[in-house]
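Containing TSV, C-alpha atoms: input_19.tsv.
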```
chain	number	residue	atom	x	y	z
O	268	MET	CA	-38.64	0.94	61.93
O	269	THR	CA	-38.80	1.04	65.72
O	270	GLN	CA	-38.55	-2.40	67.26
O	271	GLN	CA	-41.58	-3.29	69.39
O	272	LEU	CA	-40.50	-4.70	72.70
O	273	PRO	CA	-42.56	-7.03	74.90
O	274	GLY	CA	-44.78	-5.90	77.75
O	275	HIS	CA	-45.02	-2.21	78.50
O	276	LEU	CA	-41.78	-1.27	76.69
O	277	ALA	CA	-41.87	0.11	73.17
O	278	GLY	CA	-38.67	1.12	71.41
O	279	PRO	CA	-37.20	4.41	72.65
O	280	LEU	CA	-40.03	5.26	75.08
O	281	MET	CA	-39.27	5.40	78.79
O	282	ALA	CA	-41.19	2.71	80.66
O	283	THR	CA	-43.47	5.12	82.54
O	284	TYR	CA	-46.72	3.49	81.43
O	285	SER	CA	-48.12	-0.03	81.38
O	286	ARG	CA	-49.88	0.29	78.05
O	287	LEU	CA	-52.80	-1.82	76.90
O	288	PRO	CA	-52.36	-3.78	73.64
O	289	VAL	CA	-54.33	-1.40	71.43
O	290	SER	CA	-53.61	1.67	69.28
O	291	PHE	CA	-56.28	4.05	68.03
O	292	GLU	CA	-56.24	5.81	64.67
O	293	ARG	CA	-59.46	7.82	64.72
O	294	GLY	CA	-62.44	8.80	66.80
O	295	ASP	CA	-65.91	10.23	66.42
O	296	GLY	CA	-67.93	11.39	69.41
O	297	ALA	CA	-67.85	8.69	72.09
O	298	TRP	CA	-66.35	6.09	69.70
O	299	LEU	CA	-62.75	5.17	68.93
O	300	TRP	CA	-61.43	2.90	66.17
O	301	SER	CA	-58.24	0.92	66.57
O	302	VAL	CA	-55.66	0.46	63.82
O	303	ASP	CA	-57.14	-2.98	63.10
O	304	GLY	CA	-60.59	-1.48	62.55
O	305	ARG	CA	-62.30	-2.47	65.81
O	306	ARG	CA	-64.71	0.02	67.38
O	307	TYR	CA	-64.61	0.87	71.11
O	308	LEU	CA	-66.95	2.90	73.29
O	309	ASP	CA	-64.85	5.38	75.24
O	310	ALA	CA	-66.03	5.54	78.85
O	311	LEU	CA	-62.80	7.21	79.99
O	312	SER	CA	-62.46	10.27	77.70
O	313	GLY	CA	-58.69	10.22	77.85
O	314	ILE	CA	-59.03	10.42	81.66
O	315	ALA	CA	-61.67	13.16	81.77
O	316	VAL	CA	-60.08	15.14	78.94
O	317	CYS	CA	-62.26	14.71	75.84
O	318	GLY	CA	-65.52	15.86	77.39
O	319	LEU	CA	-66.90	16.77	73.96
O	320	GLY	CA	-65.85	13.41	72.55
O	321	HIS	CA	-63.43	12.85	69.71
O	322	ALA	CA	-63.13	14.97	66.55
O	323	HIS	CA	-65.68	17.47	67.84
O	324	PRO	CA	-66.45	19.74	64.87
O	325	GLY	CA	-66.28	23.02	66.78
O	326	VAL	CA	-62.93	22.21	68.36
O	327	ARG	CA	-61.57	20.76	65.12
O	328	GLU	CA	-62.50	23.85	63.12
O	329	ALA	CA	-61.10	26.22	65.75
O	330	ILE	CA	-57.77	24.37	65.84
O	331	CYS	CA	-57.47	24.16	62.05
O	332	GLU	CA	-58.33	27.82	61.56
O	333	GLN	CA	-55.90	28.96	64.25
O	334	ALA	CA	-53.14	26.65	63.01
O	335	SER	CA	-53.45	28.23	59.58
O	336	GLN	CA	-52.87	31.66	61.12
O	337	LEU	CA	-50.65	31.46	64.20
O	338	VAL	CA	-49.81	28.62	66.57
O	339	HIS	CA	-47.47	30.31	69.03
O	340	VAL	CA	-45.82	33.64	69.76
O	341	SER	CA	-44.98	33.90	73.48
O	342	ASN	CA	-46.26	35.66	76.54
O	343	LEU	CA	-43.97	38.58	75.80
O	344	TYR	CA	-46.88	39.85	73.71
O	345	ARG	CA	-50.63	40.24	74.10
O	346	ILE	CA	-52.59	37.22	72.87
O	347	PRO	CA	-56.22	38.14	72.02
O	348	ALA	CA	-57.53	34.58	72.30
O	349	GLN	CA	-55.92	34.28	75.74
O	350	GLU	CA	-57.59	37.48	76.93
O	351	ALA	CA	-60.95	36.35	75.54
O	352	LEU	CA	-60.63	32.97	77.25
O	353	GLY	CA	-59.64	34.62	80.51
O	354	ASP	CA	-62.73	36.83	80.36
O	355	ARG	CA	-65.01	33.86	79.67
O	356	LEU	CA	-63.58	31.72	82.47
O	357	CYS	CA	-63.56	34.51	85.04
O	358	ASP	CA	-67.14	35.47	84.23
O	359	ALA	CA	-68.31	31.86	84.48
O	360	ALA	CA	-66.45	31.16	87.73
O	361	GLY	CA	-66.88	34.50	89.50
O	362	MET	CA	-63.12	35.01	89.49
O	363	GLU	CA	-60.96	38.00	88.55
O	364	ARG	CA	-57.61	36.86	87.15
O	365	VAL	CA	-56.22	33.77	85.43
O	366	PHE	CA	-52.78	32.35	84.70
O	367	PHE	CA	-52.57	29.87	81.82
O	368	ALA	CA	-50.30	26.84	81.92
O	369	ASN	CA	-50.11	23.53	80.02
O	370	SER	CA	-51.42	20.98	82.52
O	371	GLY	CA	-53.19	20.43	85.79
O	372	ALA	CA	-49.93	19.91	87.66
O	373	GLU	CA	-48.64	23.26	86.39
O	374	ALA	CA	-51.89	24.97	87.34
O	375	ASN	CA	-51.57	23.53	90.84
O	376	GLU	CA	-47.93	24.62	91.00
O	377	ALA	CA	-49.09	28.15	90.24
O	378	ALA	CA	-51.64	27.93	93.05
O	379	ILE	CA	-49.02	26.68	95.51
O	380	LYS	CA	-46.60	29.47	94.53
O	381	LEU	CA	-49.38	32.04	94.80
O	382	ALA	CA	-50.23	30.90	98.33
O	383	ARG	CA	-46.60	31.00	99.41
O	384	LEU	CA	-45.95	34.41	97.87
O	385	ARG	CA	-49.03	35.85	99.57
O	386	ALA	CA	-47.85	34.39	102.88
O	387	HIS	CA	-44.39	35.91	102.56
O	388	GLY	CA	-46.01	39.24	101.82
O	389	ARG	CA	-47.81	38.92	105.15
O	390	GLY	CA	-44.61	38.12	107.04
O	391	ILE	CA	-45.07	34.33	107.25
O	392	GLN	CA	-41.65	32.91	106.39
O	393	ARG	CA	-42.45	29.19	106.54
O	394	PRO	CA	-46.00	28.92	105.19
O	395	GLU	CA	-47.89	25.63	105.20
O	396	ILE	CA	-50.70	24.46	102.94
O	397	LEU	CA	-53.32	22.07	104.28
O	398	VAL	CA	-53.86	19.10	101.93
O	399	MET	CA	-55.87	15.89	102.13
O	400	GLU	CA	-55.19	12.19	102.46
O	401	ASN	CA	-56.02	10.19	99.33
O	402	SER	CA	-55.67	13.28	97.12
O	403	PHE	CA	-53.97	13.71	93.76
O	404	HIS	CA	-52.61	17.03	92.52
O	405	GLY	CA	-49.88	16.10	90.02
O	406	ARG	CA	-46.42	14.61	89.61
O	407	THR	CA	-44.08	17.60	89.87
O	408	LEU	CA	-42.19	17.61	93.17
O	409	ALA	CA	-44.47	20.14	94.87
O	410	THR	CA	-47.74	18.68	93.59
O	411	LEU	CA	-46.49	15.17	94.32
O	412	THR	CA	-45.87	16.22	97.92
O	413	ALA	CA	-49.35	17.71	98.09
O	414	THR	CA	-50.73	14.41	96.75
O	415	GLY	CA	-51.91	12.01	99.43
O	416	ASN	CA	-50.60	8.83	97.84
O	417	ARG	CA	-47.48	7.32	99.37
O	418	LYS	CA	-47.07	4.88	96.47
O	419	ALA	CA	-46.78	7.76	94.00
O	420	GLN	CA	-44.28	9.55	96.24
O	421	ALA	CA	-42.00	6.58	96.96
O	422	GLY	CA	-38.49	6.98	95.60
O	423	PHE	CA	-38.70	10.71	94.97
O	424	GLU	CA	-37.61	11.88	98.40
O	425	PRO	CA	-36.72	14.36	99.71
O	426	LEU	CA	-40.17	15.80	99.15
O	427	VAL	CA	-41.02	19.47	99.42
O	428	SER	CA	-41.71	20.88	102.87
O	429	GLY	CA	-44.64	23.12	103.71
O	430	PHE	CA	-47.63	20.78	103.54
O	431	VAL	CA	-49.86	19.54	106.36
O	432	ARG	CA	-52.09	16.54	105.66
O	433	VAL	CA	-55.47	15.70	107.18
O	434	PRO	CA	-58.22	13.19	106.31
O	435	TYR	CA	-60.57	14.13	103.47
O	436	ASP	CA	-64.17	15.06	104.31
O	437	ASP	CA	-63.29	15.71	107.96
O	438	LEU	CA	-63.89	19.30	109.07
O	439	GLY	CA	-62.99	18.37	112.63
O	440	ALA	CA	-59.48	17.41	111.54
O	441	VAL	CA	-59.12	20.79	109.84
O	442	GLU	CA	-60.20	22.51	113.07
O	443	ILE	CA	-57.58	20.56	115.03
O	444	ALA	CA	-54.87	21.44	112.50
O	445	ALA	CA	-55.84	25.09	112.76
O	446	GLY	CA	-55.38	24.95	116.52
O	447	ASN	CA	-52.02	23.16	116.31
O	448	ARG	CA	-50.35	24.94	113.38
O	449	THR	CA	-49.88	28.68	113.22
O	450	ASN	CA	-48.39	28.90	109.71
O	451	ILE	CA	-51.24	27.42	107.65
O	452	VAL	CA	-52.06	29.86	104.84
O	453	ALA	CA	-54.27	27.87	102.46
O	454	VAL	CA	-56.28	24.70	101.89
O	455	LEU	CA	-55.76	22.81	98.63
O	456	VAL	CA	-58.53	20.27	98.03
O	457	GLU	CA	-60.39	18.43	95.28
O	458	PRO	CA	-64.17	18.95	95.38
O	459	ILE	CA	-64.38	15.27	94.39
O	460	GLN	CA	-61.33	13.02	94.66
O	461	GLY	CA	-60.84	11.44	91.25
O	462	GLU	CA	-57.64	9.40	91.36
O	463	GLY	CA	-58.46	8.60	94.98
O	464	GLY	CA	-61.50	6.58	93.91
O	465	VAL	CA	-64.22	9.06	92.91
O	466	VAL	CA	-64.82	10.05	96.53
O	467	VAL	CA	-67.68	12.54	96.91
O	468	PRO	CA	-67.53	14.44	100.21
O	469	SER	CA	-70.49	14.96	102.50
O	470	ALA	CA	-72.91	17.78	101.75
O	471	GLY	CA	-71.61	20.93	103.42
O	472	TYR	CA	-67.94	19.92	103.37
O	473	LEU	CA	-66.83	22.59	100.92
O	474	ALA	CA	-69.02	25.18	102.60
O	475	GLY	CA	-67.43	24.23	105.91
O	476	LEU	CA	-63.95	24.65	104.45
O	477	ARG	CA	-65.01	28.02	103.07
O	478	GLU	CA	-66.10	29.14	106.55
O	479	LEU	CA	-62.88	27.90	108.16
O	480	CYS	CA	-60.74	29.64	105.56
O	481	ASP	CA	-62.63	32.87	106.08
O	482	ARG	CA	-62.26	32.58	109.85
O	483	HIS	CA	-58.51	31.94	109.76
O	484	GLY	CA	-57.54	34.13	106.81
O	485	TRP	CA	-56.57	31.15	104.63
O	486	LEU	CA	-57.04	30.81	100.90
O	487	LEU	CA	-59.49	28.14	99.76
O	488	MET	CA	-57.87	26.59	96.67
O	489	LEU	CA	-59.93	24.05	94.73
O	490	ASP	CA	-58.33	21.59	92.34
O	491	GLU	CA	-61.01	21.15	89.66
O	492	VAL	CA	-58.61	19.59	87.15
O	493	GLN	CA	-60.70	16.42	86.87
O	494	ALA	CA	-64.07	17.53	88.25
O	495	GLY	CA	-64.38	20.80	86.35
O	496	MET	CA	-65.68	21.74	82.89
O	497	GLY	CA	-69.16	20.29	83.24
O	498	ARG	CA	-68.26	16.77	84.29
O	499	THR	CA	-70.21	16.73	87.56
O	500	GLY	CA	-73.38	18.37	86.22
O	501	LYS	CA	-72.25	21.95	86.86
O	502	LEU	CA	-69.58	23.84	84.94
O	503	PHE	CA	-67.48	23.74	88.13
O	504	ALA	CA	-68.01	21.19	90.89
O	505	TYR	CA	-67.94	23.76	93.71
O	506	GLN	CA	-71.13	25.28	92.28
O	507	HIS	CA	-73.08	22.36	93.74
O	508	GLU	CA	-72.52	23.93	97.17
O	509	GLY	CA	-73.04	27.55	96.19
O	510	ILE	CA	-69.62	28.74	97.33
O	511	ARG	CA	-66.66	30.34	95.59
O	512	PRO	CA	-63.00	29.49	96.15
O	513	ASP	CA	-60.24	32.07	96.29
O	514	VAL	CA	-58.19	30.04	93.81
O	515	MET	CA	-59.30	27.35	91.36
O	516	THR	CA	-57.29	25.18	88.99
O	517	LEU	CA	-58.46	23.65	85.71
O	518	ALA	CA	-57.00	21.50	82.92
O	519	LYS	CA	-58.11	18.17	81.37
O	520	GLY	CA	-61.53	18.99	79.85
O	521	LEU	CA	-60.65	22.64	79.24
O	522	GLY	CA	-58.98	21.94	75.88
O	523	ASN	CA	-60.68	18.67	74.89
O	524	GLY	CA	-57.26	17.14	74.24
O	525	VAL	CA	-55.21	20.25	73.49
O	526	PRO	CA	-52.89	20.74	76.51
O	527	ILE	CA	-53.96	23.72	78.61
O	528	GLY	CA	-54.21	24.43	82.33
O	529	ALA	CA	-55.50	27.44	84.22
O	530	CYS	CA	-55.13	28.89	87.70
O	531	LEU	CA	-57.90	31.37	88.49
O	532	ALA	CA	-58.02	33.70	91.50
O	533	ARG	CA	-60.16	36.39	93.01
O	534	GLY	CA	-60.00	39.00	95.75
O	535	GLU	CA	-56.64	39.48	97.40
O	536	ALA	CA	-55.31	36.35	95.67
O	537	ALA	CA	-55.95	37.82	92.21
O	538	ASP	CA	-53.11	40.34	92.44
O	539	VAL	CA	-50.41	38.28	94.19
O	540	LEU	CA	-48.52	37.17	91.08
O	541	GLY	CA	-46.82	39.94	89.14
O	542	PRO	CA	-44.28	40.29	86.30
O	543	GLY	CA	-41.37	37.90	86.85
O	544	SER	CA	-43.01	35.97	89.71
O	545	HIS	CA	-44.25	33.15	87.48
O	546	GLY	CA	-44.42	32.23	83.82
O	547	SER	CA	-44.77	29.63	81.09
O	548	THR	CA	-43.32	29.45	77.59
O	549	PHE	CA	-46.27	27.66	76.03
O	550	GLY	CA	-49.03	28.48	78.51
O	551	GLY	CA	-52.07	30.08	76.93
O	552	ASN	CA	-50.75	30.16	73.38
O	553	PRO	CA	-53.18	30.99	70.55
O	554	ILE	CA	-54.03	27.45	69.48
O	555	ALA	CA	-54.67	26.17	73.02
O	556	CYS	CA	-56.89	29.14	73.85
O	557	ARG	CA	-58.87	28.85	70.62
O	558	ALA	CA	-59.54	25.19	71.46
O	559	ALA	CA	-60.67	26.08	74.97
O	560	LEU	CA	-62.96	28.82	73.68
O	561	ALA	CA	-64.57	26.27	71.36
O	562	VAL	CA	-65.06	23.94	74.34
O	563	LEU	CA	-66.84	26.67	76.30
O	564	ASP	CA	-69.03	27.44	73.28
O	565	ALA	CA	-70.11	23.80	72.97
O	566	LEU	CA	-70.72	23.33	76.69
O	567	ALA	CA	-73.03	26.34	76.71
O	568	ALA	CA	-74.76	25.75	73.35
O	569	ASP	CA	-75.76	22.17	74.17
O	570	ASP	CA	-76.15	22.62	77.95
O	571	LEU	CA	-73.76	19.72	78.40
O	572	PRO	CA	-73.34	20.04	82.19
O	573	ALA	CA	-77.08	19.37	82.60
O	574	HIS	CA	-76.83	16.52	80.09
O	575	ALA	CA	-73.93	15.06	82.09
O	576	ALA	CA	-76.04	15.19	85.24
O	577	ALA	CA	-78.88	13.29	83.57
O	578	MET	CA	-76.66	10.68	81.90
O	579	GLY	CA	-74.69	10.15	85.10
O	580	GLU	CA	-77.86	9.51	87.07
O	581	ARG	CA	-79.01	7.08	84.38
O	582	ILE	CA	-75.73	5.12	84.52
O	583	ARG	CA	-75.54	5.01	88.32
O	584	THR	CA	-79.16	3.91	88.64
O	585	GLY	CA	-78.68	1.26	85.96
O	586	LEU	CA	-75.60	-0.12	87.64
O	587	ARG	CA	-77.23	-0.17	91.06
O	588	ASP	CA	-80.17	-2.11	89.66
O	589	ALA	CA	-77.96	-4.53	87.73
O	590	LEU	CA	-75.53	-5.20	90.59
O	591	ALA	CA	-77.84	-4.95	93.60
O	592	ASP	CA	-77.56	-8.65	94.49
O	593	LEU	CA	-73.75	-8.76	94.56
O	594	SER	CA	-72.18	-8.46	97.99
O	595	GLY	CA	-68.81	-7.78	96.36
O	596	VAL	CA	-70.01	-4.37	95.20
O	597	VAL	CA	-69.30	-2.02	98.10
O	598	THR	CA	-70.85	1.13	96.65
O	599	ILE	CA	-71.64	2.94	93.41
O	600	ARG	CA	-71.03	6.66	93.74
O	601	GLY	CA	-70.27	9.81	91.85
O	602	ARG	CA	-71.72	13.00	90.51
O	603	GLY	CA	-72.62	13.63	86.90
O	604	LEU	CA	-70.35	11.65	84.59
O	605	MET	CA	-67.70	11.10	87.25
O	606	ILE	CA	-68.60	7.63	88.49
O	607	GLY	CA	-66.92	5.06	90.70
O	608	ILE	CA	-67.91	1.44	91.41
O	609	GLU	CA	-66.04	0.24	94.48
O	610	LEU	CA	-65.54	-3.51	94.86
O	611	ASP	CA	-64.40	-5.40	97.92
O	612	ARG	CA	-61.20	-6.59	96.24
O	613	PRO	CA	-58.52	-5.39	93.79
O	614	CYS	CA	-59.93	-5.38	90.27
O	615	ALA	CA	-57.28	-4.02	87.91
O	616	ASP	CA	-57.86	-6.99	85.57
O	617	LEU	CA	-61.24	-5.51	84.65
O	618	VAL	CA	-59.55	-2.91	82.46
O	619	ALA	CA	-58.33	-5.56	80.02
O	620	THR	CA	-61.61	-7.46	80.28
O	621	ALA	CA	-63.55	-4.35	79.33
O	622	LEU	CA	-61.16	-3.67	76.46
O	623	SER	CA	-61.90	-7.14	75.08
O	624	ALA	CA	-65.59	-6.27	75.31
O	625	GLY	CA	-65.09	-3.05	73.34
O	626	LEU	CA	-65.25	-0.62	76.27
O	627	LEU	CA	-62.58	1.70	77.68
O	628	ILE	CA	-62.63	2.05	81.47
O	629	ASN	CA	-60.12	2.57	84.25
O	630	VAL	CA	-59.46	1.18	87.72
O	631	THR	CA	-58.13	3.55	90.37
O	632	ALA	CA	-57.39	3.20	94.08
O	633	GLN	CA	-56.97	-0.55	93.32
O	634	ARG	CA	-60.64	-1.42	93.87
O	635	VAL	CA	-62.65	1.30	92.11
O	636	VAL	CA	-63.86	1.00	88.53
O	637	ARG	CA	-63.81	4.58	87.27
O	638	LEU	CA	-66.08	5.81	84.49
O	639	LEU	CA	-65.50	9.20	82.87
O	640	PRO	CA	-67.47	9.10	79.61
O	641	PRO	CA	-67.70	12.08	77.24
O	642	LEU	CA	-70.39	14.55	78.23
O	643	ILE	CA	-72.04	14.04	74.84
O	644	ILE	CA	-73.02	10.37	75.30
O	645	ASP	CA	-76.58	9.41	74.38
O	646	ASN	CA	-79.07	7.03	75.99
O	647	ALA	CA	-77.99	4.04	73.93
O	648	GLN	CA	-74.32	4.57	74.81
O	649	ALA	CA	-75.19	4.99	78.50
O	650	ALA	CA	-77.12	1.70	78.35
O	651	GLN	CA	-74.16	-0.02	76.68
O	652	ILE	CA	-71.84	1.21	79.41
O	653	VAL	CA	-74.21	-0.13	82.09
O	654	ASP	CA	-74.67	-3.50	80.38
O	655	THR	CA	-70.97	-4.07	79.70
O	656	VAL	CA	-69.71	-2.91	83.11
O	657	ALA	CA	-72.38	-4.89	84.95
O	658	HIS	CA	-71.56	-8.01	82.92
O	659	ILE	CA	-67.80	-7.89	83.48
O	660	ILE	CA	-68.14	-7.08	87.20
O	661	ARG	CA	-70.64	-9.88	87.69
O	662	ASP	CA	-68.37	-12.37	85.91
O	663	PHE	CA	-65.34	-11.14	87.84
O	664	LEU	CA	-66.96	-11.45	91.24
O	665	CYS	CA	-68.56	-14.80	90.48
O	666	VAL	CA	-65.33	-16.29	89.13
O	667	ASP	CA	-63.48	-15.06	92.21
O	668	ALA	CA	-66.12	-16.65	94.44
O	669	THR	CA	-65.91	-19.93	92.53
O	670	ASP	CA	-62.11	-19.96	92.76
O	671	ALA	CA	-62.29	-19.35	96.49
O	672	ALA	CA	-64.81	-22.15	96.94
O	673	ILE	CA	-62.68	-24.78	95.22
O	674	THR	CA	-59.31	-23.76	96.63
O	675	PRO	CA	-58.30	-26.42	99.16
O	676	GLU	CA	-57.42	-25.29	102.65
O	677	ALA	CA	-53.74	-25.28	103.51
```

Can the structure from this file be put into structure tokens for me?
Amino acid sequence: MTQQLPGHLAGPLMATYSRLPVSFERGDGAWLWSVDGRRYLDALSGIAVCGLGHAHPGVREAICEQASQLVHVSNLYRIPAQEALGDRLCDAAGMERVFFANSGAEANEAAIKLARLRAHGRGIQRPEILVMENSFHGRTLATLTATGNRKAQAGFEPLVSGFVRVPYDDLGAVEIAAGNRTNIVAVLVEPIQGEGGVVVPSAGYLAGLRELCDRHGWLLMLDEVQAGMGRTGKLFAYQHEGIRPDVMTLAKGLGNGVPIGACLARGEAADVLGPGSHGSTFGGNPIACRAALAVLDALAADDLPAHAAAMGERIRTGLRDALADLSGVVTIRGRGLMIGIELDRPCADLVATALSAGLLINVTAQRVVRLLPPLIIDNAQAAQIVDTVAHIIRDFLCVDATDAAITPEA
């Protein structure tokens, strides 16, 4: 039996995670049960992955049926489920081609390679991709470099060259970069920054980027790994602004827990990658694609993007009402069921506090409580999220204020 070590270490596992003191053995919809029988309301969805909740019958049946027939062959052969999924995604997104990978980082790697290969085909030998401060695109070396988080990058130098960084939600900064850099070939941007603190850009930001990319001949590449698949109230977050990217990446909610990523492209970008230019052993295998097809079926059948929009508005309104008198709450923001509550101080301790109260949440960007509930939550579950989060934030801010009041001056 594996020896359980103290803290975040457990037997043979590398210490890459600070794990909470709980293990889950089953789930049903928005609920999870721990090995000791306690029930938890999941307001995190495996970090925006299980949009249909846990043990969704359509996904479960698709996986079981496919597993009984064929789990994997390879991309040396045609895979009918992969072709069907590609058709569905391209039709829904207004795209033309798709490459399937296993994760969001791999999907973003494909987008980065596509942009570079297109640039070389146009005679640009040292292409640059414009990326944003406070962004997150993955933990491979290229996507880590694209990520605007110095803490995540520290210790992994030398990073990859070929990226130019500007502030998020600042079209003027993009204009200045365009005037100063002649080798920019693409913009890689999240329509909503998730890991960066659920930062929603100003209305017109994506449309402005679309216009700038068209003017300069750049590719507009949208990272919808966290914001996509219905989470923001539309199937894809860019649809709120009525634009289309040249390249879009997906993962997380696409497989409802089965690892799958996708890089979609249209126009000139659709035909850049050819045989031998990119690949994946596992990407788009039969079982992953069957799961993703079941996800698309459920999203459409139950109109879950619209449901996410309504539930998200209910939660944000409830939290604003419940926390309106607290000066320590900076803002409550988000779109659909992608919600952030920014406090005026670090609040990582709230994750464990919420766990004790039977709720799974996350804190990102040090001061932002992040809520990513399953898209299938009902009114009672939304109310429970509001009540629990409001209670723990209120206690946290009041205790901090009391501590500050009784601390003697130095």

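Look at Leu438 of chain O: the protein and nucleic acid residues within 8 Å of it, using all atoms listed in the file and passing over chain neighbours fewer than 3 places away, are Val441, Glu442, Tyr472, Gly475 and Leu476 of chain O.
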
Return the single residue from O:Val326, O:Ala621, O:Cys556, O:Met362 that is closest to Ile527 of chain O, with distances computed using all atoms listed in the file.
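Of O:Val326, O:Ala621, O:Cys556, O:Met362, the one nearest Ile527 of chain O, counting all atoms listed in the file, is O:Cys556.
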
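Nearest residue to Ala575 of chain O, choosing from O:Leu642, O:Val636, O:Val618, O:Met605 and counting only C-alpha atoms: O:Leu642.
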
Under the rule that only C-alpha atoms are counted, which of O:Arg383, O:Arg498, O:Arg583, O:His545 is the nearest residue to Leu639 of chain O?
O:Arg498

Computed gap from atom CA of Ser312 of chain O to atom CA of Gln349 of chain O is 25.0 Å

Name the residues within 9 Å of (-71.4, 20.4, 100.7), counting all atoms listed in the file in the file's coordinates, and put them as a PyMOL selection string.
chain O and resi 468-475+505+507-509

From the set O:Pro324, O:Ala372, O:Cys331, O:Thr631, which residue has the shortest atom-to-atom contact distance to Asn401 of chain O, counting all atoms listed in the file?
O:Thr631

Ranking O:Leu280, O:Leu384, O:Leu489, O:Ala559 by minimum distance to Asn369 of chain O and counting all atoms listed in the file, which one comes first?
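Closest residue, counting all atoms listed in the file: O:Ala559.
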
Tell me which of O:Gly625, O:Pro425, O:Ala378, O:Ala650 sits closest to Gly304 of chain O, counting all atoms listed in the file.
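Looking at the shortest contact to Gly304 of chain O, the residue is O:Gly625.
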
Distance query Ala518 of chain O at most 10 Å, all atoms listed in the file, self and fewer than 3 positions along chain excluded, as number ranges by chain
O: 315-316, 367-375, 490-496, 521-530, 559

Which residues are close to segment 334-346 of chain O, i.e. within 10 Å by only C-alpha atoms, leaving aside same-chain residues fewer than 2 positions away? Reply as a count of residues only.
21
